[in-house]
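Trainee: Following this message is one structure expressed as structure tokens.
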Amino acid sequence: MKYILKLFSIIIIIIASNSYSFAAEKVEYLKTDWSFKGLFGKFERSSLQRGYQVYTEVCASCHSMKYLSYRNLAEPGGPEFSEAQAKAIAASFEVTDGPNSDGEMFTRPGKLSDKFVMPYENVKAAQAANGGAYPPDMSVLVKARGGGVDYIYSLLQGYEEAPSNVSLDDGVYYNKYMYGNKIRMAAPLSDGLVEYGDGTTATVEQMSKDVTTFLMWSAEPHLEARHQMGFKAIVYLIILTILVYFSMKRIWSRVESEV
Amino acid sequence: MSEKKTKRRDFLFTATTAVGAVGAAAVVWPMIDQMNPDASVKALASTEVDVSALTPGNTLTVLWRGKPVFIRRRTQEEIDEARSVKMEDLIHPEKDEDRAKNPEWLVMLGVCTHLGCVPLNDKGDYNGWFCPCHGSHYDTSGRIRKGPAPWNMEVPKYEFVNADTIKIG
Amino acid sequence: MSDHDYRPKSKVGQWFNDRLPLLTLANHLTDYPTPKNLNYWWTFGGILTFCLITQIVTGLTLAMHYIAHADMAFESVEHIMRDVNYGWLIRYIHANGASMFFLAVYIHIFRSLFYGSYKSPREIIWILGIIIYLLMMAAAFMGYVLPWGQMSFWGATVITNLFSAIPLVGEGIVTWLWGGYSVDNPTLTRFFTLHYLIPFLILGLVVLHIWALHVPGNNNPVGIDIKKPSKDTVPFHPYIVIKDGFALLMFMIVFAFFVFYAPNILGHADNYIEANPMVTPAHIVPEWYLLPFYAILRSVPDKLLGVVAMLSAILILAVLPWLDTSKIRSAVFRPLYKQFYWILVADVLILGYVGAMPAEGLYLLIARVATAYYFLHFLVILPVLGFKEKTLPVPLSITEPILGGSPNLAAARNKESKIE
């Protein structure tokens with residue numbers, strides 16, 4: 001028994017250290033307290049709502065989020081806007097629909113069931129508008145980067161003057177957390193760029209945290225349900241394991257005394 | 001082995017089995033529920049239809065939740081016919097006034113309540129619809145009059161958003 | 001099942017059983033005499049059965065929502081994760097289930113290596129096991145392609161390109177595998193088909209594996225033949241069932257931890273980027289369970305020989321019963337083998353580690369040494385050891401004193417538990 005546990009832990013450590021070691025370069029990311037980490041981790045609603053504001057006012061002009069729908073904004077475990085708010089948000093976007101009975105496409109205000117409207121028609125259009133670099137879709141961005149939330153959080157705050165030995169082309173910026181340090185996105189955030197409705201001061205740090213929280217939710221919309229179910233499942237398994245252990249002792253006591 | 005000991009063992013085994021069974025049942029549920037309509041399907045609940053071009057005596061068929069919906073703009077004769085039927089003559093008694101709030105417009109799921117085929121328009125012994133699969137006859141209110149179907153064709157939830165637009169669902 | 005004179009009690013049971021002896025089979029399975037000294041390393045057979053069933057059930061349910069098309073596969077996986085009821089749970093169980101399956105199968109294989117379970121008369125069980133293992137690798141590899149992320153795409157490209165190492169016909173075979181000039185939609189649909197098929201082949205082989213096991217019966221930590229049924233054995237039910245159940249629950253706790261709290265830790269971030277034939281990720285790494293073989297592949301500087309080395313590393317296991325010349329099964333009574341066994345375990349872990357590292361400098365050197373040692377172990381050390389090694393006295397039965405009278409079973413057991 002002990003040995004099984006020991007072996008498990010050894011293997012887990014090896015696997016974990018392996019998967020961590022691919023995570024890009026060994027840069028120390030900026031740290032902050034994420035409310036969604038840990039056994040009972042949950043999102044902070046206000047942070048998610050602010051994060052949505054940052055996304056929609058800043059990021060959404062270049063970055064799509066094609067796997068999200070407006071209805072998600074009102075679903076439990078997310079920003080939890082009221083249904084009326086989510087409807088209003090959806091209605092503020094022009095959605096292309098059709099074809100109508102004349103065979104033509106038309107636009108209409110968005111509905112809850114619509115996917116987030118994309119800033120560009122397609123990847124080529126996005127590249128053409130951004131000097132050849134495609135601004136990646138943000139739906140699962142946090143899970144698509146080795147450093148996860150810490151990486152995104154750091155990257156948003158990692159813009160600085162390029163060291164003198166690094167030469168940058170036009171439209172390329174220096175970011176100390178970017179893989180290779182060269183990034184095609186200009187620093188997207190500056191203090192006071194958005195005006196938060198709840199009175200929170202919109203520092204770069206605050207906005208980075210909020211929008212990263214929002215991106216974590218968009219990548220893992222069932223995270224809260226997963227944590228809650230996980231805790232119940234593991235407690236249940238432990239209880240059953242204990243019961244089975246004693247049952248086993250009882251059953252084996254019939255033969256072990258003879259050995 | 002003393003009697004007391006036996007009892008305790010029985011309790012332990014019963015408890016273990018019971019707890020294990022509860023867990024097994026809990027695991028089965030997600031595997032079943034995954035086949036229910038998912039969140040994106042549930043979200044597509046309503047559809048809006050422009051009926052401005054529909055003239056009396058004609059039917060528009062639109063798709064809603066993957067099923068055809070008949071939107072019939074009825075003539076005065078059809079309305080009179082539907083409203084004059086006695087309740088005793090109906091297999092599934094429903095007043096036409098309840099089925100078509102605005103008598104000119106009949107909106108219903110174009111699905112035969114027998115086994116789900118789509119009935120044909122302007123056919124059958126009651127000037128309404130006729131299902132070719134197993135011969136069910138519906139009247140001008142979409143009520144079953146003859147044949148194997150047990151119920152009238154279903155009227156979904158709908159409303160006039162404005163004079164020209166019906167929102168179904 | 002000839003060792004049974006089972007007759008159902010009820011008339012109906014007799015009538016049925018005379019026509020289809022399912023009740024005899026059930027009786028055989030419950031009464032099956034099992035050595036009573038089996039330790040927890042023997043519970044992994046049951047755990048693996050659980051893994052296979054879990055993968056089949058979750059796989060079937062995922063297949064109800066997944067779309068095997070290059071344009072829609074990635075999106076359909078996101079649809080499963082977001083919209084399908086409990087879709088995220090089922091997918092995470094399936095994805096982590098593959099890793100748990102391999103974790104269990106490696107423990108199962110190394111248990112067999114330690115206690116000599118592959119030796120006569122159990123060679124067929126062992127070879128069936130190796131075939132199952134090969135099919136598992138094929139299923140896992142193709143399953144990893146289905147989400148159509150960057151690692152899916154480039155993993156598929158790299159692995160299928162291995163076949164191009166075959167002289168003359170290699171290129172043709174690769175084009176045939178792809179159904180085109182690169183990994184694309186035809187490749188995805190055929191991989192999905194095969195990924196769906198293979199688990200059922202595995203299931204069939206598992207039945208044969210267990211059937212072949214039930215002919216000679218289980219090996220045991222002492223490694224001697226035992227009389228069955230006797231006081232050395234217990235019936236499978238309830239003794240082994242409850243013990244397997246207990247071990248399975250421990251295993252499930254680890255499994256649940258991954259599913260609920262670290263569902264992506266065993267995967268690779270790049271697989272959440274949709275496949276893009278224009279850009280290769282910076283590091284292409286297979287899933288952890290294939291890393292030792294990946295290291296062997298990369299440690300050989302020649303394309304063809306690399307592939308040959310990698311395949312040999314697996315196939316060499318199939319002839320293991322004839323490479324190991326020792327008559328003694330259990331390493332408990334083979335002091336030298338026991339040491340070489342642990343060196344092999346370390347060697348494989350090292351191979352796994354360097355397989356995850358870039359193939360350059362010191363890592364490459366270590367990979368080469370470890371690869372050489374891997375083959376040395378099977379081709380030289382094992383055959384020679386059988387003749388040279390001075391083994392310890394083996395007991396006559398698992399409950400009786402050792403031949404020669406000196407240490408008793410308790411001592412043997414102590415030794416066995418000290419193998420850590």
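By order of appearance in the structure tokens: chains A, B, ..., then residues from 1 within every chain, and ligands from 1 in the order shown.
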Dump as a list in words the residues of chain A that approach chain C to within 6 Å, counting only C-alpha atoms.

Mentor: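 Residues passing the distance filter: Lys143, Ala144, Arg145, Gly146, Arg226, Gly230, Thr241, Val244 and Met248 of chain A.
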
Trainee: Output all heavy atoms of each residue in that selection to a file, as a PDB file, in the first residue's frame.

Mentor:
ATOM      1  N   LYS A 143      -5.499  28.314 -21.939  1.00  0.00           N
ATOM      2  CA  LYS A 143      -5.077  26.908 -21.951  1.00  0.00           C
ATOM      3  C   LYS A 143      -4.088  26.629 -23.075  1.00  0.00           C
ATOM      4  O   LYS A 143      -3.441  25.588 -23.087  1.00  0.00           O
ATOM      5  CB  LYS A 143      -6.306  26.002 -22.112  1.00  0.00           C
ATOM      6  CG  LYS A 143      -7.163  25.971 -20.859  1.00  0.00           C
ATOM      7  CD  LYS A 143      -8.085  24.776 -20.830  1.00  0.00           C
ATOM      8  CE  LYS A 143      -9.272  24.969 -21.732  1.00  0.00           C
ATOM      9  NZ  LYS A 143     -10.284  23.896 -21.556  1.00  0.00           N
ATOM     10  N   ALA A 144      -3.986  27.543 -24.029  1.00  0.00           N
ATOM     11  CA  ALA A 144      -3.110  27.319 -25.179  1.00  0.00           C
ATOM     12  C   ALA A 144      -1.714  27.877 -24.950  1.00  0.00           C
ATOM     13  O   ALA A 144      -0.879  27.833 -25.850  1.00  0.00           O
ATOM     14  CB  ALA A 144      -3.726  27.937 -26.430  1.00  0.00           C
ATOM     15  N   ARG A 145      -1.466  28.440 -23.777  1.00  0.00           N
ATOM     16  CA  ARG A 145      -0.148  28.982 -23.477  1.00  0.00           C
ATOM     17  C   ARG A 145       0.427  28.264 -22.268  1.00  0.00           C
ATOM     18  O   ARG A 145      -0.275  28.111 -21.259  1.00  0.00           O
ATOM     19  CB  ARG A 145      -0.238  30.483 -23.198  1.00  0.00           C
ATOM     20  CG  ARG A 145      -0.702  31.325 -24.392  1.00  0.00           C
ATOM     21  CD  ARG A 145       0.351  31.322 -25.508  1.00  0.00           C
ATOM     22  NE  ARG A 145      -0.095  32.102 -26.664  1.00  0.00           N
ATOM     23  CZ  ARG A 145      -0.809  31.598 -27.676  1.00  0.00           C
ATOM     24  NH1 ARG A 145      -1.148  30.329 -27.681  1.00  0.00           N
ATOM     25  NH2 ARG A 145      -1.173  32.368 -28.678  1.00  0.00           N
ATOM     26  N   GLY A 146       1.693  27.849 -22.395  1.00  0.00           N
ATOM     27  CA  GLY A 146       2.324  27.058 -21.340  1.00  0.00           C
ATOM     28  C   GLY A 146       2.194  27.667 -19.958  1.00  0.00           C
ATOM     29  O   GLY A 146       1.929  26.976 -18.993  1.00  0.00           O
ATOM     30  N   ARG A 226     -16.623  22.158 -11.816  1.00  0.00           N
ATOM     31  CA  ARG A 226     -15.613  21.103 -11.744  1.00  0.00           C
ATOM     32  C   ARG A 226     -15.019  21.033 -10.339  1.00  0.00           C
ATOM     33  O   ARG A 226     -14.887  19.946  -9.760  1.00  0.00           O
ATOM     34  CB  ARG A 226     -14.533  21.387 -12.789  1.00  0.00           C
ATOM     35  CG  ARG A 226     -13.341  20.488 -12.721  1.00  0.00           C
ATOM     36  CD  ARG A 226     -12.650  20.386 -14.071  1.00  0.00           C
ATOM     37  NE  ARG A 226     -12.085  21.634 -14.565  1.00  0.00           N
ATOM     38  CZ  ARG A 226     -10.977  22.184 -14.099  1.00  0.00           C
ATOM     39  NH1 ARG A 226     -10.314  21.597 -13.129  1.00  0.00           N
ATOM     40  NH2 ARG A 226     -10.537  23.309 -14.604  1.00  0.00           N
ATOM     41  N   GLY A 230     -15.565  17.953  -7.947  1.00  0.00           N
ATOM     42  CA  GLY A 230     -14.329  17.253  -7.608  1.00  0.00           C
ATOM     43  C   GLY A 230     -14.206  17.024  -6.116  1.00  0.00           C
ATOM     44  O   GLY A 230     -13.857  15.927  -5.667  1.00  0.00           O
ATOM     45  N   THR A 241     -13.643   4.151   0.176  1.00  0.00           N
ATOM     46  CA  THR A 241     -12.385   3.431   0.335  1.00  0.00           C
ATOM     47  C   THR A 241     -12.232   2.921   1.766  1.00  0.00           C
ATOM     48  O   THR A 241     -11.824   1.780   1.989  1.00  0.00           O
ATOM     49  CB  THR A 241     -11.195   4.348  -0.021  1.00  0.00           C
ATOM     50  OG1 THR A 241     -11.420   4.895  -1.308  1.00  0.00           O
ATOM     51  CG2 THR A 241      -9.896   3.576  -0.022  1.00  0.00           C
ATOM     52  N   VAL A 244     -14.615   0.032   2.269  1.00  0.00           N
ATOM     53  CA  VAL A 244     -14.133  -1.166   1.582  1.00  0.00           C
ATOM     54  C   VAL A 244     -12.922  -1.734   2.311  1.00  0.00           C
ATOM     55  O   VAL A 244     -12.764  -2.942   2.431  1.00  0.00           O
ATOM     56  CB  VAL A 244     -13.816  -0.854   0.105  1.00  0.00           C
ATOM     57  CG1 VAL A 244     -13.048  -1.995  -0.540  1.00  0.00           C
ATOM     58  CG2 VAL A 244     -15.099  -0.591  -0.668  1.00  0.00           C
ATOM     59  N   MET A 248     -12.770  -5.406   3.650  1.00  0.00           N
ATOM     60  CA  MET A 248     -11.703  -6.297   3.188  1.00  0.00           C
ATOM     61  C   MET A 248     -11.030  -6.976   4.379  1.00  0.00           C
ATOM     62  O   MET A 248     -10.797  -8.184   4.377  1.00  0.00           O
ATOM     63  CB  MET A 248     -10.686  -5.488   2.387  1.00  0.00           C
ATOM     64  CG  MET A 248      -9.511  -6.299   1.896  1.00  0.00           C
ATOM     65  SD  MET A 248      -8.419  -5.321   0.872  1.00  0.00           S
ATOM     66  CE  MET A 248      -7.655  -4.282   2.099  1.00  0.00           C
TER      67      MET A 248
END

Trainee: Run DSSP on the backbone and give me the residues of segment 257-320 of chain C it puts in alpha helix (DSSP H), as a list in words.

Mentor: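 For segment 257-320 of chain C, the alpha helix (DSSP H) set is Phe257, Phe258, Val259, Phe260, Tyr261, Leu291, Pro292, Phe293, Tyr294, Ala295, Ile296, Leu297, Arg298, Ser299, Lys303, Leu304, Leu305, Gly306, Val307, Val308, Ala309, Met310, Leu311, Ser312, Ala313, Ile314, Leu315 and Leu320 of chain C.
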
Trainee: Return the neighbours of chain A among the residues of chain B, cut-off 6 Å, counting only C-alpha atoms, as a PyMOL selection string.

Mentor: chain B and resi 16+43-44

Trainee: Between atom CA of Phe200 of chain C and atom CA of Tyr106 of chain C, what is the distance in Å, rounded to a tenth?

Mentor: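 Between atom CA of Phe200 of chain C and atom CA of Tyr106 of chain C the gap is 20.7 Å.
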
Trainee: Could you give me, as a Markdown table, a per-residue list for chain B showing, wherever an atom lies at most 6 Å from an atom of chain C, the closest pair of atoms and their distance in Å to one decimal, using only C-alpha atoms and sorting by chain then residue number from low to high?

Mentor:
| residue | atom | partner | partner_atom | distance |
| --- | --- | --- | --- | --- |
| B:Pro30 | CA | C:Tyr86 | CA | 5.7 |
| B:Gln34 | CA | C:Asn85 | CA | 4.7 |
| B:Asp38 | CA | C:Val84 | CA | 4.7 |
| B:Ala39 | CA | C:Asp83 | CA | 4.8 |
| B:Ser40 | CA | C:Asp83 | CA | 5.9 |

Trainee: Nearest residue to Asn58 of chain B out of B:Leu106, B:Met31, B:Leu90, B:Ala100, using only C-alpha atoms?

Mentor: B:Leu106

Trainee: Quick one: everything within 12 Å of Lys124 of chain A, counting only C-alpha atoms, minus sequence neighbours fewer than 6 positions away in the same chain. Send it as a list in words.

Mentor: Asn130, Gly131, Gly132, Ala133, Tyr134 and Pro135 of chain A

Trainee: Considering only C-alpha atoms, return as a VMD selection string whatever protein or nucleic-acid residues lie within 6 Å of Val172 of chain A, sequence-local ones (same chain, fewer than 3 positions apart) excluded.

Mentor: chain A and resid 168 to 169 183 to 184

Trainee: Mind pulling up the distance from atom CA of Ser64 of chain A to atom CA of Asp184 of chain C?

Mentor: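 Atom CA of Ser64 of chain A lies 24.9 Å from atom CA of Asp184 of chain C.
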
Trainee: Which value, in Å to one decimal, gives the distance between atom CA of Asp122 of chain B and atom CA of Ala45 of chain B?

Mentor: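 Interatomic distance here is 28.9 Å.
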
Trainee: So, with only C-alpha atoms as the atoms that count, which of A:Asp102, A:Lys31, A:Cys62, A:Gly78 lies closest to Ala225 of chain A?

Mentor: A:Gly78

Trainee: If you count only C-alpha atoms, which residues fall within 8 Å of Val140 of chain A, apart from same-chain ones fewer than 2 positions away, as a PyMOL selection string?

Mentor: (chain A and resi 137-138+142-144+215-216+218-220) or (chain C and resi 272)
